[in-house]
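Below: one structure, written as structure tokens.
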Amino acid sequence: MTEPRIRPEASFIAWVLIVIGALLVLLCGGCTLTFWGVGIFSLLQSPGGSEMGAAVGLFFMTLLIGGVPAAGGAVLVWAGWRTLHPLKTPRTTAKTFE
């Protein structure tokens, strides 16, 4: 027995969700990781760790500004993937063994 076909408009929306989500993850997540790397590098360059407060502030600020959209993008990718590849219910699994 073959899998049920997904409607073309649902497939299109799923791919739109995946593309937008991937862009959010790549751009927002990449920017966040860049700022974290710069913050850690500047923290390691400061003598005596005098910039620890600024580094902690930078970590939390970038987590809020860039991490939240990156997490939202990951949710969009997941939702698009689940639309293209729905979970098999016990009823559809039972039909495959008949």
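Residue numbers start at 1 in each chain; chains themselves are named A, B, ... in the order of the structure tokens; ligands are numbered from 1 in the order shown.
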
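Using only C-alpha atoms, the residues found no farther than 9 Å from Trp81 of chain A, other than those of its own chain fewer than 3 positions away, are Ala14, Trp15, Leu17, Ile18, Leu76, Val77, Trp78, Leu84, His85 and Pro86 of chain A.
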
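Minimum distance to Gly29 of chain A across A:Ala54, A:Gly48, A:Arg7, A:Ile65 (counting only C-alpha atoms) occurs at A:Ile65.
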
Shortest interatomic distance to Phe59 of chain A - which of A:Lys88, A:Ser46, A:Gly73, A:Thr34, counting only C-alpha atoms: A:Thr34

Between atom CA of Ser50 of chain A and atom CA of Gly66 of chain A, distance in Å (one decimal): 25.4 Å

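Summary of the local environment: counting only C-alpha atoms, residues at most 8 Å from segment 39-44 of chain A, other than itself and those fewer than 4 positions away along its chain, are Phe35, Gly49, Glu51, Met52, Ala55, Leu58 and Phe59 of chain A.
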
Helix (DSSP H, G or I) residues, from DSSP on the backbone, in chain A, as an MDAnalysis selection string: chainID A and resid 8:45 47:49 52:84 90:96

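The residue that comes closest to Pro8 of chain A, out of A:Thr62, A:Thr32, A:Thr83, A:Gln45 and on the basis of only C-alpha atoms, is A:Thr83.
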
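Comparing the minimum interatomic distances between Leu27 of chain A and each of A:Leu87, A:Ala79, A:Ala74, A:Ile13, counting only C-alpha atoms, we find that A:Ala74 sits nearest.
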
Gap from atom CA of Gly21 of chain A to atom CA of Gly37 of chain A - Å, one decimal: 23.3 Å
